Amino acid sequence: MKKLSARRRHPLAAVVVLLLALAATGGLYAAFAPASKAQADDTAQSLAIEEGKKLYSVGCASCHGTGGQGTTDGPSLVGVGAAAVDFQVGTGRMPAQQPGAQVPKKKVIYSQAEIDQLAAYVASLGAGPAVPTEKQVSPEGADVAKGGELFRTNCAQCHNFTGQGGALSDGKYAPSLEGVSAKHIYEAMQTGPQSMPSFPDTTMPEQQKRDIIAYIKTVNSSETANPGGLSLGGLGPVSEGLFAWIFGLGALIAVAIWVAAHTAKAKKS
């Protein structure tokens, strides 16, 4: 009888032991929590897109179209990605005050939460570059010297050797990079705003972007020594030498003319 009773209790005991083992190892959580978390993430994303669509309808649709398809007053936003929205709206360039050769940076009118919602909605219109993470823009482990080489090769012809900016054609200009956040510099390289070419990861890998950001932050730091005196926008010693040569030579020519004129008068008298 004892053996029979033990056999009848054995299946139940095995189930209890299994449940205890799962609970102890987190198996129950692993079995049910991921689905709940994924569902919560999907719900949060849907809410962000819905709120972003409302903001878009008020502040963006008049130029970019009700569905982001673009109009004669604004380009299509299908496929530009969340990074383009975060850059343009996060720097105050959008919404634009008025059309022109170039949309300038101005005061930001949206909160970061609203910018994230706008970015979520525009990203839902078509796949595009995502907003970079803190790790992607972190200067930790970046090569400043390599970043300087990459910057001088790809960026200096418009932004100046130290990122001070410069004039372009038809009323356009390359803005100064001084004080611009690492995230916005990364997004600009990813998306190519206005006259700037884009540098996707297939063209310029993530590490190279981080090297360039580290260079910009280093060369424009208040702690960086500048032994060159008058920087003339950071163009370097060649421009400073040319400036001194032109004005120095001009002064010498002016003195020579003055001496020659007074010498001729003295001889006549």
# chains A, B, ... in the order shown; residues from 1 in each chain; ligands from 1

call {"tool": "select_by_dssp", "arguments": {"residues": "region 134-258 of chain A", "states": "strand (DSSP E or B)", "output": "list in words"}}
result
Gly166, Ala167, Tyr173 and Ala174 of chain A

call {"tool": "closest_atom_pairs", "arguments": {"of": "region 98-139 of chain A", "to": "region 44-50 of chain A", "cutoff": "9 Å", "atoms": "only C-alpha atoms", "output": "JSON lines"}}
result
{"residue": "A:Glu114", "atom": "CA", "partner": "A:Ala48", "partner_atom": "CA", "distance": 8.8}
{"residue": "A:Asp116", "atom": "CA", "partner": "A:Ala48", "partner_atom": "CA", "distance": 7.7}
{"residue": "A:Gln117", "atom": "CA", "partner": "A:Ala48", "partner_atom": "CA", "distance": 4.9}
{"residue": "A:Leu118", "atom": "CA", "partner": "A:Ile49", "partner_atom": "CA", "distance": 7.3}
{"residue": "A:Ala119", "atom": "CA", "partner": "A:Ile49", "partner_atom": "CA", "distance": 8.2}
{"residue": "A:Ala120", "atom": "CA", "partner": "A:Ile49", "partner_atom": "CA", "distance": 5.3}
{"residue": "A:Tyr121", "atom": "CA", "partner": "A:Ile49", "partner_atom": "CA", "distance": 4.4}
{"residue": "A:Val122", "atom": "CA", "partner": "A:Ile49", "partner_atom": "CA", "distance": 8.2}
{"residue": "A:Ala123", "atom": "CA", "partner": "A:Ile49", "partner_atom": "CA", "distance": 8.8}
{"residue": "A:Ser124", "atom": "CA", "partner": "A:Ile49", "partner_atom": "CA", "distance": 7.4}

call {"tool": "write_last_selection", "arguments": {"atoms": "N, CA and C atoms", "output": "mmCIF file, in the first residue's frame"}}
result
data_model
loop_
_atom_site.group_PDB
_atom_site.id
_atom_site.type_symbol
_atom_site.label_atom_id
_atom_site.label_comp_id
_atom_site.auth_asym_id
_atom_site.auth_seq_id
_atom_site.Cartn_x
_atom_site.Cartn_y
_atom_site.Cartn_z
ATOM 1 N N GLU A 114 8.641 65.891 -27.623
ATOM 2 C CA GLU A 114 7.867 66.152 -28.837
ATOM 3 C C GLU A 114 8.690 65.866 -30.088
ATOM 4 N N ASP A 116 11.014 63.613 -30.286
ATOM 5 C CA ASP A 116 11.035 62.150 -30.391
ATOM 6 C C ASP A 116 9.744 61.628 -31.021
ATOM 7 N N GLN A 117 8.624 62.237 -30.682
ATOM 8 C CA GLN A 117 7.340 61.814 -31.253
ATOM 9 C C GLN A 117 7.270 62.149 -32.740
ATOM 10 N N LEU A 118 7.727 63.341 -33.112
ATOM 11 C CA LEU A 118 7.769 63.707 -34.536
ATOM 12 C C LEU A 118 8.679 62.755 -35.304
ATOM 13 N N ALA A 119 9.831 62.440 -34.706
ATOM 14 C CA ALA A 119 10.779 61.537 -35.352
ATOM 15 C C ALA A 119 10.175 60.146 -35.528
ATOM 16 N N ALA A 120 9.419 59.691 -34.525
ATOM 17 C CA ALA A 120 8.783 58.372 -34.612
ATOM 18 C C ALA A 120 7.769 58.342 -35.745
ATOM 19 N N TYR A 121 7.001 59.425 -35.905
ATOM 20 C CA TYR A 121 6.009 59.454 -36.979
ATOM 21 C C TYR A 121 6.681 59.469 -38.351
ATOM 22 N N VAL A 122 7.666 60.330 -38.531
ATOM 23 C CA VAL A 122 8.340 60.414 -39.833
ATOM 24 C C VAL A 122 9.057 59.101 -40.148
ATOM 25 N N ALA A 123 9.635 58.462 -39.127
ATOM 26 C CA ALA A 123 10.300 57.175 -39.346
ATOM 27 C C ALA A 123 9.312 56.101 -39.789
ATOM 28 N N SER A 124 8.051 56.250 -39.368
ATOM 29 C CA SER A 124 7.036 55.263 -39.763
ATOM 30 C C SER A 124 6.641 55.402 -41.229
#

call {"tool": "atom_distance", "arguments": {"atom1": "CA of Lys135 (chain A)", "atom2": "CA of Met189 (chain A)"}}
result
16.3 Å

call {"tool": "residues_around", "arguments": {"residues": "Gly126 (chain A)", "least_positions_apart": "6", "cutoff": "9 Å", "atoms": "only C-alpha atoms", "output": "PyMOL selection string"}}
result
chain A and resi 77-81

call {"tool": "residues_around", "arguments": {"residues": "region 192-198 of chain A", "least_positions_apart": "5", "cutoff": "10 Å", "atoms": "only C-alpha atoms", "output": "list in words"}}
result
Ala84, Phe87, Gln88, Ala101, Gln102, Val103, Asn154, Cys155, Cys158, Leu168, Lys172, Tyr173, Ala174, Glu187, Thr203 and Met204 of chain A

call {"tool": "write_last_selection", "arguments": {"atoms": "C-alpha atoms", "output": "PDB file, in the first residue's frame"}}
result
ATOM      1  CA  ALA A  84      16.944  63.866 -39.932  1.00  0.00           C
ATOM      2  CA  PHE A  87      18.675  67.177 -36.299  1.00  0.00           C
ATOM      3  CA  GLN A  88      16.435  69.613 -38.150  1.00  0.00           C
ATOM      4  CA  ALA A 101      18.770  79.902 -49.852  1.00  0.00           C
ATOM      5  CA  GLN A 102      19.486  78.276 -46.492  1.00  0.00           C
ATOM      6  CA  VAL A 103      17.460  77.643 -43.353  1.00  0.00           C
ATOM      7  CA  ASN A 154      35.942  65.501 -46.304  1.00  0.00           C
ATOM      8  CA  CYS A 155      34.777  68.602 -44.427  1.00  0.00           C
ATOM      9  CA  CYS A 158      33.294  73.941 -46.564  1.00  0.00           C
ATOM     10  CA  LEU A 168      29.275  78.860 -50.233  1.00  0.00           C
ATOM     11  CA  LYS A 172      24.440  79.401 -48.888  1.00  0.00           C
ATOM     12  CA  TYR A 173      27.022  78.782 -46.186  1.00  0.00           C
ATOM     13  CA  ALA A 174      28.566  76.030 -44.101  1.00  0.00           C
ATOM     14  CA  GLU A 187      23.149  63.086 -37.522  1.00  0.00           C
ATOM     15  CA  THR A 203      30.699  55.337 -46.925  1.00  0.00           C
ATOM     16  CA  MET A 204      32.025  56.481 -43.549  1.00  0.00           C
TER      17      MET A 204
END

call {"tool": "residues_around", "arguments": {"residues": "Pro205 (chain A)", "least_positions_apart": "4", "cutoff": "12 Å", "atoms": "only C-alpha atoms", "output": "ChimeraX atom specification"}}
result
/A:136,150,186,189-190,199-201,209-212

call {"tool": "atom_distance", "arguments": {"atom1": "CA of Ser57 (chain A)", "atom2": "CA of Gln97 (chain A)"}}
result
16.7 Å

call {"tool": "residues_around", "arguments": {"residues": "Glu178 (chain A)", "least_positions_apart": "5", "cutoff": "12 Å", "atoms": "only C-alpha atoms", "output": "PyMOL selection string"}}
result
chain A and resi 159-160+162-165+184-185+213+215-222+233-234

call {"tool": "write_last_selection", "arguments": {"atoms": "N, CA and C atoms", "output": "JSON list (two decimals), in the first residue's frame"}}
result
[["chain", "number", "residue", "atom", "x", "y", "z"],
["A", 159, "HIS", "N", 33.62, 73.69, -44.18],
["A", 159, "HIS", "CA", 33.49, 74.10, -42.77],
["A", 159, "HIS", "C", 34.74, 74.75, -42.20],
["A", 160, "ASN", "N", 35.81, 74.89, -43.00],
["A", 160, "ASN", "CA", 37.06, 75.45, -42.50],
["A", 160, "ASN", "C", 37.84, 74.37, -41.76],
["A", 162, "THR", "N", 39.08, 74.18, -38.86],
["A", 162, "THR", "CA", 38.73, 73.95, -37.46],
["A", 162, "THR", "C", 37.22, 74.00, -37.23],
["A", 163, "GLY", "N", 36.45, 73.92, -38.31],
["A", 163, "GLY", "CA", 34.99, 73.90, -38.18],
["A", 163, "GLY", "C", 34.36, 75.23, -37.88],
["A", 164, "GLN", "N", 35.02, 76.32, -38.29],
["A", 164, "GLN", "CA", 34.49, 77.66, -38.05],
["A", 164, "GLN", "C", 33.44, 78.07, -39.07],
["A", 165, "GLY", "N", 33.26, 77.27, -40.11],
["A", 165, "GLY", "CA", 32.26, 77.58, -41.13],
["A", 165, "GLY", "C", 32.82, 78.45, -42.24],
["A", 184, "HIS", "N", 24.17, 65.85, -32.86],
["A", 184, "HIS", "CA", 23.73, 66.57, -34.05],
["A", 184, "HIS", "C", 24.80, 66.53, -35.15],
["A", 185, "ILE", "N", 26.08, 66.52, -34.76],
["A", 185, "ILE", "CA", 27.15, 66.39, -35.77],
["A", 185, "ILE", "C", 27.05, 65.02, -36.44],
["A", 213, "ILE", "N", 34.16, 63.62, -34.77],
["A", 213, "ILE", "CA", 33.52, 64.35, -33.67],
["A", 213, "ILE", "C", 34.55, 64.67, -32.59],
["A", 215, "TYR", "N", 37.73, 65.07, -32.98],
["A", 215, "TYR", "CA", 38.61, 66.12, -33.48],
["A", 215, "TYR", "C", 37.95, 67.49, -33.35],
["A", 216, "ILE", "N", 36.69, 67.60, -33.78],
["A", 216, "ILE", "CA", 35.99, 68.89, -33.71],
["A", 216, "ILE", "C", 35.90, 69.39, -32.28],
["A", 217, "LYS", "N", 35.55, 68.48, -31.36],
["A", 217, "LYS", "CA", 35.43, 68.86, -29.95],
["A", 217, "LYS", "C", 36.78, 69.26, -29.36],
["A", 218, "THR", "N", 37.84, 68.62, -29.81],
["A", 218, "THR", "CA", 39.18, 68.92, -29.28],
["A", 218, "THR", "C", 39.71, 70.24, -29.82],
["A", 219, "VAL", "N", 39.59, 70.45, -31.12],
["A", 219, "VAL", "CA", 40.18, 71.63, -31.73],
["A", 219, "VAL", "C", 39.44, 72.90, -31.34],
["A", 220, "ASN", "N", 38.16, 72.77, -30.97],
["A", 220, "ASN", "CA", 37.39, 73.95, -30.57],
["A", 220, "ASN", "C", 37.26, 74.08, -29.06],
["A", 221, "SER", "N", 37.99, 73.25, -28.33],
["A", 221, "SER", "CA", 37.94, 73.32, -26.89],
["A", 221, "SER", "C", 38.66, 74.56, -26.37],
["A", 222, "SER", "N", 38.15, 75.11, -25.28],
["A", 222, "SER", "CA", 38.78, 76.29, -24.67],
["A", 222, "SER", "C", 40.14, 75.95, -24.08],
["A", 233, "GLY", "N", 40.01, 83.00, -38.44],
["A", 233, "GLY", "CA", 39.02, 81.94, -38.65],
["A", 233, "GLY", "C", 39.60, 80.55, -38.61],
["A", 234, "GLY", "N", 40.84, 80.43, -38.12],
["A", 234, "GLY", "CA", 41.43, 79.11, -38.01],
["A", 234, "GLY", "C", 41.96, 78.57, -39.31]]

call {"tool": "select_by_dssp", "arguments": {"residues": "region 22-250 of chain A", "states": "helix (DSSP H, G or I)", "output": "ChimeraX atom specification"}}
result
/A:22-25,27-59,61-64,81-90,112-125,134-137,144-154,156-159,182-191,206-219,232-234,237-250

call {"tool": "atom_distance", "arguments": {"atom1": "CA of Val108 (chain A)", "atom2": "CA of Ala61 (chain A)"}}
result
18.4 Å

call {"tool": "residues_around", "arguments": {"residues": "Pro95 (chain A)", "least_positions_apart": "2", "cutoff": "10 Å", "atoms": "only C-alpha atoms", "output": "ChimeraX atom specification"}}
result
/A:59-60,63,88-89,92-93,97-98,103,106,108-110

call {"tool": "write_last_selection", "arguments": {"atoms": "N, CA and C atoms", "output": "mmCIF file, in the first residue's frame"}}
result
data_model
loop_
_atom_site.group_PDB
_atom_site.id
_atom_site.type_symbol
_atom_site.label_atom_id
_atom_site.label_comp_id
_atom_site.auth_asym_id
_atom_site.auth_seq_id
_atom_site.Cartn_x
_atom_site.Cartn_y
_atom_site.Cartn_z
ATOM 1 N N GLY A 59 2.412 71.496 -37.415
ATOM 2 C CA GLY A 59 3.621 72.260 -37.685
ATOM 3 C C GLY A 59 4.373 71.949 -38.951
ATOM 4 N N CYS A 60 4.032 70.868 -39.642
ATOM 5 C CA CYS A 60 4.861 70.431 -40.768
ATOM 6 C C CYS A 60 4.087 70.180 -42.067
ATOM 7 N N CYS A 63 3.901 72.391 -45.437
ATOM 8 C CA CYS A 63 5.012 72.431 -46.389
ATOM 9 C C CYS A 63 5.376 71.042 -46.932
ATOM 10 N N GLN A 88 17.059 68.399 -37.634
ATOM 11 C CA GLN A 88 16.435 69.613 -38.150
ATOM 12 C C GLN A 88 15.585 70.321 -37.087
ATOM 13 N N VAL A 89 14.773 69.556 -36.363
ATOM 14 C CA VAL A 89 13.904 70.147 -35.352
ATOM 15 C C VAL A 89 14.693 70.432 -34.076
ATOM 16 N N GLY A 92 16.447 73.705 -34.283
ATOM 17 C CA GLY A 92 15.593 74.857 -34.544
ATOM 18 C C GLY A 92 15.467 75.238 -36.003
ATOM 19 N N ARG A 93 16.092 74.486 -36.889
ATOM 20 C CA ARG A 93 15.994 74.818 -38.308
ATOM 21 C C ARG A 93 14.575 74.583 -38.840
ATOM 22 N N GLN A 97 11.114 79.487 -40.682
ATOM 23 C CA GLN A 97 10.379 80.746 -40.592
ATOM 24 C C GLN A 97 9.948 81.233 -41.964
ATOM 25 N N GLN A 98 10.838 81.109 -42.938
ATOM 26 C CA GLN A 98 10.544 81.557 -44.295
ATOM 27 C C GLN A 98 11.471 80.855 -45.277
ATOM 28 N N VAL A 103 18.240 77.500 -44.584
ATOM 29 C CA VAL A 103 17.460 77.643 -43.353
ATOM 30 C C VAL A 103 18.440 77.737 -42.183
ATOM 31 N N LYS A 106 18.070 78.249 -35.266
ATOM 32 C CA LYS A 106 17.380 79.218 -34.409
ATOM 33 C C LYS A 106 16.891 78.532 -33.142
ATOM 34 N N VAL A 108 14.968 76.464 -30.509
ATOM 35 C CA VAL A 108 14.143 75.261 -30.618
ATOM 36 C C VAL A 108 12.794 75.512 -29.956
ATOM 37 N N ILE A 109 11.707 75.169 -30.653
ATOM 38 C CA ILE A 109 10.373 75.442 -30.122
ATOM 39 C C ILE A 109 9.674 74.183 -29.606
ATOM 40 N N TYR A 110 10.253 73.017 -29.858
ATOM 41 C CA TYR A 110 9.676 71.763 -29.386
ATOM 42 C C TYR A 110 10.521 71.199 -28.240
#
